[in-house]
Amino acid sequence: MIPPGDIADLQAAFRANPADLGVGLYNPTTGEARLGSFDLVTQGQGHQGLADALGIVNNSEWRGFLVRSDGQFLPRSHFNAVDGSMAMLPVHEAAVRQLLRQAGLIQ
Amino acid sequence: MKSVIPVPLSEDEGQLARLACRKFAGMIEGAITIGLPILLTGQSDRREFLGWRFDIVRAYATVLHTVSGPTQGVLLLRDASALLIDRLGQLQQAVQGVIEQDDITAKLAQTIGPHVVSLFDAVEAYGALIGLAPDKLARSRAACELTVQSLGALPPLPAAPTG
């Protein structure tokens with residue numbers, strides 16, 4: 001699941017600046033995903049900035065993705081390199097797509 | 001790495017310099033680890049994100065170029081920040097050059113990689129002069145280098161639906 005507060009905050013960030021990006025982290029073990037505005041939450045640092053902001057230190061247990069205000073989903077992050085590439089594994093990508101659809105962030 | 005004696009800055013100036021230097025490295029990390037993958041999306045506005053980020057990163061570089069203190073020490077610092085600004089400009093120019101070409105996936109890694117390395121060399125040299133431990137910058141450097149190395153192996157992303 002994605003905490004409702006993360007979704008509301010990202011939607012507010014997109015309303016303020018549609019060019020902002022949603023930075024996301026997904027934990028395949030727990031099924032939890034977290035989101036934050038690139039500009040407002042991650043200190044302009046991207047996935048590591050989000051991890052720092054959320055107090056996440058077990059980076060190898062999390063995978064990364066991006067979502068744009070126009071609903072484009074980008075399953076890319078250096079957090080995915082533990083699986084061999086910056087691209088998310090298809091099984092993780094499918095799970096995150098489902099979560100983002102439920103959140104109304106992508107179609 | 002050669003040991004460097006930090007410039008004796010006042011507490012406020014030293015704190016400002018170390019915070020701005022870490023922030024600068026983090027913002028470079030964000031520009032590279034997020035901006036380069038976005039370039040590969042094929043979106044018409046793909047250049048805008050990096051342009052926006054480079055504007056902000058350049059502002060932080062300017063802050064680093066204003067740190068003040070004892071003349072001889074600060075002259076060393078200004079040389080280091082000038083080098084950093086120059087290398088940032090080279091990286092931005094290299095990114096812009098690649099964007100204009102076709103088949104940017106392979107060219108990004110080849111062209112951008114050396115500029116990322118030399119920019120972080122300059123950041124670390126500046127960091128040494130302000131007493132910033134190298135490990136404070138190491139994670140950003142590693143993330144950028146990993147991203148650049150991984151770019152060539154990425155499958156293309158589907159373009160977003162339009163209209």
# chains A, B, ... in the order shown; residues from 1 in each chain; ligands from 1

$ residues_around --residues "A:Leu50" --least-positions-apart "4" --cutoff "12 Å" --atoms "only C-alpha atoms" --output "PDB file with N, CA, C and O atoms, in the first residue's frame"
ATOM      1  N   ASP A   6       1.044  10.298   1.663  1.00  0.00           N
ATOM      2  CA  ASP A   6       2.017  10.440   0.572  1.00  0.00           C
ATOM      3  C   ASP A   6       1.312  10.825  -0.725  1.00  0.00           C
ATOM      4  O   ASP A   6       1.796  11.656  -1.494  1.00  0.00           O
ATOM      5  N   GLY A  22       7.247  12.778  -9.081  1.00  0.00           N
ATOM      6  CA  GLY A  22       7.030  11.944  -7.914  1.00  0.00           C
ATOM      7  C   GLY A  22       8.142  10.909  -7.845  1.00  0.00           C
ATOM      8  O   GLY A  22       8.375  10.168  -8.796  1.00  0.00           O
ATOM      9  N   VAL A  23       8.852  10.910  -6.741  1.00  0.00           N
ATOM     10  CA  VAL A  23       9.911   9.930  -6.529  1.00  0.00           C
ATOM     11  C   VAL A  23       9.324   8.837  -5.642  1.00  0.00           C
ATOM     12  O   VAL A  23       8.665   9.138  -4.636  1.00  0.00           O
ATOM     13  N   GLY A  24       9.541   7.581  -6.025  1.00  0.00           N
ATOM     14  CA  GLY A  24       8.930   6.506  -5.273  1.00  0.00           C
ATOM     15  C   GLY A  24       9.904   5.415  -4.872  1.00  0.00           C
ATOM     16  O   GLY A  24      10.886   5.148  -5.572  1.00  0.00           O
ATOM     17  N   LEU A  25       9.635   4.808  -3.728  1.00  0.00           N
ATOM     18  CA  LEU A  25      10.399   3.642  -3.276  1.00  0.00           C
ATOM     19  C   LEU A  25       9.406   2.525  -2.977  1.00  0.00           C
ATOM     20  O   LEU A  25       8.315   2.773  -2.442  1.00  0.00           O
ATOM     21  N   TYR A  26       9.774   1.303  -3.333  1.00  0.00           N
ATOM     22  CA  TYR A  26       8.891   0.141  -3.162  1.00  0.00           C
ATOM     23  C   TYR A  26       9.658  -0.968  -2.458  1.00  0.00           C
ATOM     24  O   TYR A  26      10.787  -1.290  -2.853  1.00  0.00           O
ATOM     25  N   ALA A  33       4.842   0.970  -0.569  1.00  0.00           N
ATOM     26  CA  ALA A  33       5.486   1.958  -1.436  1.00  0.00           C
ATOM     27  C   ALA A  33       5.373   3.318  -0.771  1.00  0.00           C
ATOM     28  O   ALA A  33       4.389   3.609  -0.093  1.00  0.00           O
ATOM     29  N   ARG A  34       6.387   4.136  -0.948  1.00  0.00           N
ATOM     30  CA  ARG A  34       6.381   5.494  -0.414  1.00  0.00           C
ATOM     31  C   ARG A  34       6.639   6.470  -1.551  1.00  0.00           C
ATOM     32  O   ARG A  34       7.372   6.150  -2.501  1.00  0.00           O
ATOM     33  N   LEU A  35       6.059   7.631  -1.446  1.00  0.00           N
ATOM     34  CA  LEU A  35       6.167   8.640  -2.499  1.00  0.00           C
ATOM     35  C   LEU A  35       6.573   9.976  -1.897  1.00  0.00           C
ATOM     36  O   LEU A  35       6.216  10.286  -0.759  1.00  0.00           O
ATOM     37  N   GLY A  36       7.259  10.774  -2.713  1.00  0.00           N
ATOM     38  CA  GLY A  36       7.560  12.139  -2.288  1.00  0.00           C
ATOM     39  C   GLY A  36       7.866  13.002  -3.491  1.00  0.00           C
ATOM     40  O   GLY A  36       8.343  12.505  -4.522  1.00  0.00           O
ATOM     41  N   SER A  37       7.586  14.269  -3.359  1.00  0.00           N
ATOM     42  CA  SER A  37       7.908  15.220  -4.431  1.00  0.00           C
ATOM     43  C   SER A  37       9.420  15.359  -4.542  1.00  0.00           C
ATOM     44  O   SER A  37      10.107  15.551  -3.537  1.00  0.00           O
ATOM     45  N   PHE A  38       9.924  15.278  -5.775  1.00  0.00           N
ATOM     46  CA  PHE A  38      11.366  15.460  -5.996  1.00  0.00           C
ATOM     47  C   PHE A  38      11.815  16.797  -5.427  1.00  0.00           C
ATOM     48  O   PHE A  38      12.814  16.886  -4.725  1.00  0.00           O
ATOM     49  N   ASP A  39      11.050  17.830  -5.734  1.00  0.00           N
ATOM     50  CA  ASP A  39      11.481  19.182  -5.392  1.00  0.00           C
ATOM     51  C   ASP A  39      11.269  19.505  -3.916  1.00  0.00           C
ATOM     52  O   ASP A  39      12.113  20.131  -3.293  1.00  0.00           O
ATOM     53  N   LEU A  40      10.141  19.051  -3.371  1.00  0.00           N
ATOM     54  CA  LEU A  40       9.787  19.491  -2.016  1.00  0.00           C
ATOM     55  C   LEU A  40      10.280  18.550  -0.924  1.00  0.00           C
ATOM     56  O   LEU A  40      10.560  18.981   0.185  1.00  0.00           O
ATOM     57  N   VAL A  41      10.365  17.268  -1.220  1.00  0.00           N
ATOM     58  CA  VAL A  41      10.662  16.288  -0.164  1.00  0.00           C
ATOM     59  C   VAL A  41      12.082  15.715  -0.255  1.00  0.00           C
ATOM     60  O   VAL A  41      12.724  15.510   0.774  1.00  0.00           O
ATOM     61  N   THR A  42      12.567  15.477  -1.465  1.00  0.00           N
ATOM     62  CA  THR A  42      13.834  14.737  -1.584  1.00  0.00           C
ATOM     63  C   THR A  42      15.065  15.636  -1.526  1.00  0.00           C
ATOM     64  O   THR A  42      16.173  15.172  -1.736  1.00  0.00           O
ATOM     65  N   GLN A  43      14.878  16.910  -1.259  1.00  0.00           N
ATOM     66  CA  GLN A  43      15.987  17.870  -1.218  1.00  0.00           C
ATOM     67  C   GLN A  43      16.703  17.914  -2.563  1.00  0.00           C
ATOM     68  O   GLN A  43      17.905  18.164  -2.625  1.00  0.00           O
ATOM     69  N   GLY A  44      15.957  17.644  -3.622  1.00  0.00           N
ATOM     70  CA  GLY A  44      16.554  17.662  -4.955  1.00  0.00           C
ATOM     71  C   GLY A  44      17.517  16.528  -5.197  1.00  0.00           C
ATOM     72  O   GLY A  44      18.284  16.545  -6.150  1.00  0.00           O
ATOM     73  N   GLN A  45      17.457  15.512  -4.343  1.00  0.00           N
ATOM     74  CA  GLN A  45      18.460  14.448  -4.400  1.00  0.00           C
ATOM     75  C   GLN A  45      17.898  13.154  -4.973  1.00  0.00           C
ATOM     76  O   GLN A  45      18.645  12.201  -5.176  1.00  0.00           O
ATOM     77  N   GLY A  46      16.605  13.093  -5.203  1.00  0.00           N
ATOM     78  CA  GLY A  46      16.042  11.900  -5.813  1.00  0.00           C
ATOM     79  C   GLY A  46      15.775  10.785  -4.815  1.00  0.00           C
ATOM     80  O   GLY A  46      15.349  11.035  -3.683  1.00  0.00           O
ATOM     81  N   LEU A  54      12.636   9.815   4.785  1.00  0.00           N
ATOM     82  CA  LEU A  54      11.736   8.859   5.439  1.00  0.00           C
ATOM     83  C   LEU A  54      12.447   8.035   6.518  1.00  0.00           C
ATOM     84  O   LEU A  54      11.825   7.198   7.171  1.00  0.00           O
ATOM     85  N   GLY A  55      13.750   8.233   6.642  1.00  0.00           N
ATOM     86  CA  GLY A  55      14.501   7.453   7.626  1.00  0.00           C
ATOM     87  C   GLY A  55      14.769   6.025   7.182  1.00  0.00           C
ATOM     88  O   GLY A  55      15.028   5.145   8.008  1.00  0.00           O
ATOM     89  N   ILE A  56      14.715   5.793   5.876  1.00  0.00           N
ATOM     90  CA  ILE A  56      14.989   4.448   5.341  1.00  0.00           C
ATOM     91  C   ILE A  56      16.499   4.268   5.245  1.00  0.00           C
ATOM     92  O   ILE A  56      17.196   5.081   4.623  1.00  0.00           O
ATOM     93  N   VAL A  57      17.004   3.207   5.862  1.00  0.00           N
ATOM     94  CA  VAL A  57      18.450   2.963   5.810  1.00  0.00           C
ATOM     95  C   VAL A  57      18.778   1.616   5.158  1.00  0.00           C
ATOM     96  O   VAL A  57      19.899   1.379   4.742  1.00  0.00           O
ATOM     97  N   ASN A  59      18.581   0.297   2.272  1.00  0.00           N
ATOM     98  CA  ASN A  59      18.345   0.599   0.854  1.00  0.00           C
ATOM     99  C   ASN A  59      18.181  -0.637  -0.012  1.00  0.00           C
ATOM    100  O   ASN A  59      17.399  -0.646  -0.963  1.00  0.00           O
ATOM    101  N   TRP A  62      14.742  -1.894  -0.875  1.00  0.00           N
ATOM    102  CA  TRP A  62      13.802  -1.008  -1.563  1.00  0.00           C
ATOM    103  C   TRP A  62      14.195  -0.863  -3.031  1.00  0.00           C
ATOM    104  O   TRP A  62      15.372  -0.934  -3.371  1.00  0.00           O
ATOM    105  N   ARG A  63      13.192  -0.654  -3.878  1.00  0.00           N
ATOM    106  CA  ARG A  63      13.415  -0.405  -5.301  1.00  0.00           C
ATOM    107  C   ARG A  63      12.835   0.965  -5.630  1.00  0.00           C
ATOM    108  O   ARG A  63      11.961   1.460  -4.913  1.00  0.00           O
ATOM    109  N   GLY A  64      13.278   1.539  -6.750  1.00  0.00           N
ATOM    110  CA  GLY A  64      12.872   2.912  -7.038  1.00  0.00           C
ATOM    111  C   GLY A  64      12.112   3.070  -8.338  1.00  0.00           C
ATOM    112  O   GLY A  64      12.261   2.278  -9.275  1.00  0.00           O
ATOM    113  N   PHE A  65      11.312   4.108  -8.385  1.00  0.00           N
ATOM    114  CA  PHE A  65      10.547   4.438  -9.594  1.00  0.00           C
ATOM    115  C   PHE A  65      10.216   5.927  -9.559  1.00  0.00           C
ATOM    116  O   PHE A  65      10.446   6.613  -8.551  1.00  0.00           O
ATOM    117  N   LEU A  66       9.683   6.402 -10.680  1.00  0.00           N
ATOM    118  CA  LEU A  66       9.248   7.799 -10.785  1.00  0.00           C
ATOM    119  C   LEU A  66       7.846   7.834 -11.354  1.00  0.00           C
ATOM    120  O   LEU A  66       7.455   6.954 -12.120  1.00  0.00           O
ATOM    121  N   PHE A  79      18.411   2.530  -7.323  1.00  0.00           N
ATOM    122  CA  PHE A  79      18.045   1.595  -6.256  1.00  0.00           C
ATOM    123  C   PHE A  79      17.730   0.201  -6.819  1.00  0.00           C
ATOM    124  O   PHE A  79      17.726  -0.776  -6.081  1.00  0.00           O
TER     125      PHE A  79
ATOM    126  N   GLY B  26      24.432  16.524  -3.381  1.00  0.00           N
ATOM    127  CA  GLY B  26      23.131  15.853  -3.407  1.00  0.00           C
ATOM    128  C   GLY B  26      22.302  16.282  -4.600  1.00  0.00           C
ATOM    129  O   GLY B  26      21.591  15.479  -5.207  1.00  0.00           O
ATOM    130  N   GLY B  30      20.743  14.152  -7.652  1.00  0.00           N
ATOM    131  CA  GLY B  30      19.364  14.182  -8.141  1.00  0.00           C
ATOM    132  C   GLY B  30      19.294  14.450  -9.631  1.00  0.00           C
ATOM    133  O   GLY B  30      18.526  13.816 -10.362  1.00  0.00           O
TER     134      GLY B  30
END

$ residues_around --residues "A:Pro28" --least-positions-apart "4" --cutoff "12 Å" --atoms "only C-alpha atoms" --output "PDB file with C-alpha atoms, in the first residue's frame"
ATOM      1  CA  MET A   1       0.000   0.000   0.000  1.00  0.00           C
ATOM      2  CA  GLU A  32       4.791  -0.973   0.879  1.00  0.00           C
ATOM      3  CA  ALA A  33       5.486   1.958  -1.436  1.00  0.00           C
ATOM      4  CA  ARG A  34       6.381   5.494  -0.414  1.00  0.00           C
ATOM      5  CA  ASN A  59      18.345   0.599   0.854  1.00  0.00           C
ATOM      6  CA  SER A  60      18.911  -2.871  -0.593  1.00  0.00           C
ATOM      7  CA  GLU A  61      15.362  -3.839   0.448  1.00  0.00           C
ATOM      8  CA  TRP A  62      13.802  -1.008  -1.563  1.00  0.00           C
ATOM      9  CA  ARG A  63      13.415  -0.405  -5.301  1.00  0.00           C
ATOM     10  CA  GLY A  64      12.872   2.912  -7.038  1.00  0.00           C
ATOM     11  CA  ASN A  80      17.106  -1.168  -8.730  1.00  0.00           C
ATOM     12  CA  ASP A  83      18.559  -6.627  -9.333  1.00  0.00           C
ATOM     13  CA  MET A  88      12.663  -2.459 -12.151  1.00  0.00           C
ATOM     14  CA  LEU A  89      12.081  -6.178 -12.365  1.00  0.00           C
ATOM     15  CA  PRO A  90       8.790  -6.814 -14.237  1.00  0.00           C
ATOM     16  CA  VAL A  91       7.189  -8.382 -11.165  1.00  0.00           C
ATOM     17  CA  HIS A  92       7.962  -5.294  -9.069  1.00  0.00           C
ATOM     18  CA  GLU A  93       6.918  -2.976 -11.867  1.00  0.00           C
ATOM     19  CA  ALA A  94       3.519  -4.674 -12.112  1.00  0.00           C
ATOM     20  CA  ALA A  95       2.982  -4.424  -8.370  1.00  0.00           C
ATOM     21  CA  VAL A  96       3.862  -0.727  -8.294  1.00  0.00           C
TER      22      VAL A  96
END

$ interface_residues --of "chain A" --to "chain B" --cutoff "8 Å" --atoms "only C-alpha atoms" --output "MDAnalysis selection string"
chainID A and resid 19 43:47 49 72 74 76:78 81 85:87

$ select_by_dssp --residues "chain A" --states "strand (DSSP E or B)" --output "PyMOL selection string"
chain A and resi 21-27+32-37+63-68+73-74+76+87

$ select_by_dssp --residues "chain A" --states "alpha helix (DSSP H)" --output "PyMOL selection string"
chain A and resi 4-16+47-54+90-103

$ atom_distance --atom1 "atom CA of B:Arg141" --atom2 "atom CA of B:Leu75"
25.9 Å

$ atom_distance --atom1 "atom CA of B:Tyr60" --atom2 "atom CA of B:Ile99"
24.1 Å

$ atom_distance --atom1 "atom CA of B:Phe54" --atom2 "atom CA of B:Gln93"
10.6 Å

$ decode --residues "stretch 95-121 of chain B" --atoms "N, CA, C and O atoms" --output "PDB file, in the first residue's frame"
ATOM      1  N   VAL B  95      25.943  17.203 -21.579  1.00  0.00           N
ATOM      2  CA  VAL B  95      24.575  16.673 -21.572  1.00  0.00           C
ATOM      3  C   VAL B  95      23.779  17.300 -22.718  1.00  0.00           C
ATOM      4  O   VAL B  95      23.090  16.613 -23.470  1.00  0.00           O
ATOM      5  N   GLN B  96      23.894  18.616 -22.857  1.00  0.00           N
ATOM      6  CA  GLN B  96      23.136  19.293 -23.918  1.00  0.00           C
ATOM      7  C   GLN B  96      23.573  18.808 -25.295  1.00  0.00           C
ATOM      8  O   GLN B  96      22.746  18.632 -26.186  1.00  0.00           O
ATOM      9  N   GLY B  97      24.876  18.581 -25.450  1.00  0.00           N
ATOM     10  CA  GLY B  97      25.369  18.091 -26.732  1.00  0.00           C
ATOM     11  C   GLY B  97      24.791  16.732 -27.075  1.00  0.00           C
ATOM     12  O   GLY B  97      24.409  16.469 -28.225  1.00  0.00           O
ATOM     13  N   VAL B  98      24.699  15.869 -26.086  1.00  0.00           N
ATOM     14  CA  VAL B  98      24.180  14.520 -26.322  1.00  0.00           C
ATOM     15  C   VAL B  98      22.690  14.559 -26.624  1.00  0.00           C
ATOM     16  O   VAL B  98      22.198  13.822 -27.484  1.00  0.00           O
ATOM     17  N   ILE B  99      21.969  15.443 -25.940  1.00  0.00           N
ATOM     18  CA  ILE B  99      20.515  15.522 -26.131  1.00  0.00           C
ATOM     19  C   ILE B  99      20.174  15.811 -27.591  1.00  0.00           C
ATOM     20  O   ILE B  99      19.163  15.328 -28.109  1.00  0.00           O
ATOM     21  N   GLU B 100      21.015  16.596 -28.237  1.00  0.00           N
ATOM     22  CA  GLU B 100      20.723  16.995 -29.611  1.00  0.00           C
ATOM     23  C   GLU B 100      20.934  15.859 -30.602  1.00  0.00           C
ATOM     24  O   GLU B 100      20.551  15.962 -31.760  1.00  0.00           O
ATOM     25  N   GLN B 101      21.563  14.781 -30.163  1.00  0.00           N
ATOM     26  CA  GLN B 101      21.881  13.703 -31.097  1.00  0.00           C
ATOM     27  C   GLN B 101      20.858  12.572 -31.019  1.00  0.00           C
ATOM     28  O   GLN B 101      20.082  12.488 -30.075  1.00  0.00           O
ATOM     29  N   ASP B 102      20.908  11.714 -32.027  1.00  0.00           N
ATOM     30  CA  ASP B 102      20.086  10.509 -31.999  1.00  0.00           C
ATOM     31  C   ASP B 102      20.814   9.454 -31.163  1.00  0.00           C
ATOM     32  O   ASP B 102      21.988   9.579 -30.873  1.00  0.00           O
ATOM     33  N   ASP B 103      20.109   8.417 -30.813  1.00  0.00           N
ATOM     34  CA  ASP B 103      20.700   7.296 -30.099  1.00  0.00           C
ATOM     35  C   ASP B 103      21.455   7.766 -28.853  1.00  0.00           C
ATOM     36  O   ASP B 103      22.640   7.495 -28.691  1.00  0.00           O
ATOM     37  N   ILE B 104      20.746   8.513 -28.015  1.00  0.00           N
ATOM     38  CA  ILE B 104      21.455   9.099 -26.885  1.00  0.00           C
ATOM     39  C   ILE B 104      21.807   8.091 -25.805  1.00  0.00           C
ATOM     40  O   ILE B 104      22.671   8.342 -24.996  1.00  0.00           O
ATOM     41  N   THR B 105      21.167   6.933 -25.808  1.00  0.00           N
ATOM     42  CA  THR B 105      21.403   5.981 -24.721  1.00  0.00           C
ATOM     43  C   THR B 105      22.877   5.628 -24.591  1.00  0.00           C
ATOM     44  O   THR B 105      23.469   5.757 -23.524  1.00  0.00           O
ATOM     45  N   ALA B 106      23.467   5.177 -25.699  1.00  0.00           N
ATOM     46  CA  ALA B 106      24.872   4.777 -25.646  1.00  0.00           C
ATOM     47  C   ALA B 106      25.765   5.986 -25.427  1.00  0.00           C
ATOM     48  O   ALA B 106      26.737   5.934 -24.665  1.00  0.00           O
ATOM     49  N   LYS B 107      25.419   7.097 -26.063  1.00  0.00           N
ATOM     50  CA  LYS B 107      26.295   8.275 -25.992  1.00  0.00           C
ATOM     51  C   LYS B 107      26.275   8.904 -24.597  1.00  0.00           C
ATOM     52  O   LYS B 107      27.274   9.478 -24.176  1.00  0.00           O
ATOM     53  N   LEU B 108      25.149   8.792 -23.918  1.00  0.00           N
ATOM     54  CA  LEU B 108      25.079   9.374 -22.573  1.00  0.00           C
ATOM     55  C   LEU B 108      26.170   8.795 -21.681  1.00  0.00           C
ATOM     56  O   LEU B 108      26.924   9.524 -21.055  1.00  0.00           O
ATOM     57  N   ALA B 109      26.224   7.471 -21.644  1.00  0.00           N
ATOM     58  CA  ALA B 109      27.187   6.822 -20.755  1.00  0.00           C
ATOM     59  C   ALA B 109      28.620   7.160 -21.149  1.00  0.00           C
ATOM     60  O   ALA B 109      29.449   7.485 -20.294  1.00  0.00           O
ATOM     61  N   GLN B 110      28.905   7.114 -22.463  1.00  0.00           N
ATOM     62  CA  GLN B 110      30.280   7.366 -22.911  1.00  0.00           C
ATOM     63  C   GLN B 110      30.689   8.816 -22.692  1.00  0.00           C
ATOM     64  O   GLN B 110      31.808   9.115 -22.295  1.00  0.00           O
ATOM     65  N   THR B 111      29.777   9.729 -23.008  1.00  0.00           N
ATOM     66  CA  THR B 111      30.126  11.144 -23.004  1.00  0.00           C
ATOM     67  C   THR B 111      30.028  11.763 -21.626  1.00  0.00           C
ATOM     68  O   THR B 111      30.863  12.581 -21.247  1.00  0.00           O
ATOM     69  N   ILE B 112      29.005  11.369 -20.881  1.00  0.00           N
ATOM     70  CA  ILE B 112      28.754  12.029 -19.608  1.00  0.00           C
ATOM     71  C   ILE B 112      29.646  11.480 -18.496  1.00  0.00           C
ATOM     72  O   ILE B 112      30.057  12.216 -17.604  1.00  0.00           O
ATOM     73  N   GLY B 113      29.960  10.190 -18.581  1.00  0.00           N
ATOM     74  CA  GLY B 113      30.716   9.523 -17.511  1.00  0.00           C
ATOM     75  C   GLY B 113      31.964  10.275 -17.068  1.00  0.00           C
ATOM     76  O   GLY B 113      32.109  10.592 -15.877  1.00  0.00           O
ATOM     77  N   PRO B 114      32.876  10.592 -17.996  1.00  0.00           N
ATOM     78  CA  PRO B 114      34.106  11.282 -17.569  1.00  0.00           C
ATOM     79  C   PRO B 114      33.843  12.646 -16.929  1.00  0.00           C
ATOM     80  O   PRO B 114      34.566  13.065 -16.027  1.00  0.00           O
ATOM     81  N   HIS B 115      32.787  13.332 -17.385  1.00  0.00           N
ATOM     82  CA  HIS B 115      32.473  14.645 -16.805  1.00  0.00           C
ATOM     83  C   HIS B 115      31.932  14.509 -15.383  1.00  0.00           C
ATOM     84  O   HIS B 115      32.209  15.351 -14.528  1.00  0.00           O
ATOM     85  N   VAL B 116      31.174  13.451 -15.146  1.00  0.00           N
ATOM     86  CA  VAL B 116      30.671  13.204 -13.787  1.00  0.00           C
ATOM     87  C   VAL B 116      31.845  12.938 -12.848  1.00  0.00           C
ATOM     88  O   VAL B 116      31.931  13.488 -11.745  1.00  0.00           O
ATOM     89  N   VAL B 117      32.774  12.107 -13.317  1.00  0.00           N
ATOM     90  CA  VAL B 117      33.951  11.778 -12.496  1.00  0.00           C
ATOM     91  C   VAL B 117      34.769  13.035 -12.196  1.00  0.00           C
ATOM     92  O   VAL B 117      35.137  13.297 -11.038  1.00  0.00           O
ATOM     93  N   SER B 118      35.021  13.852 -13.206  1.00  0.00           N
ATOM     94  CA  SER B 118      35.880  15.020 -12.974  1.00  0.00           C
ATOM     95  C   SER B 118      35.152  16.078 -12.130  1.00  0.00           C
ATOM     96  O   SER B 118      35.793  16.784 -11.349  1.00  0.00           O
ATOM     97  N   LEU B 119      33.827  16.163 -12.251  1.00  0.00           N
ATOM     98  CA  LEU B 119      33.091  17.100 -11.391  1.00  0.00           C
ATOM     99  C   LEU B 119      33.197  16.653  -9.931  1.00  0.00           C
ATOM    100  O   LEU B 119      33.484  17.469  -9.043  1.00  0.00           O
ATOM    101  N   PHE B 120      33.009  15.368  -9.679  1.00  0.00           N
ATOM    102  CA  PHE B 120      33.101  14.917  -8.283  1.00  0.00           C
ATOM    103  C   PHE B 120      34.531  15.019  -7.746  1.00  0.00           C
ATOM    104  O   PHE B 120      34.718  15.258  -6.548  1.00  0.00           O
ATOM    105  N   ASP B 121      35.528  14.880  -8.617  1.00  0.00           N
ATOM    106  CA  ASP B 121      36.911  15.132  -8.172  1.00  0.00           C
ATOM    107  C   ASP B 121      37.038  16.572  -7.664  1.00  0.00           C
ATOM    108  O   ASP B 121      37.658  16.832  -6.630  1.00  0.00           O
TER     109      ASP B 121
END
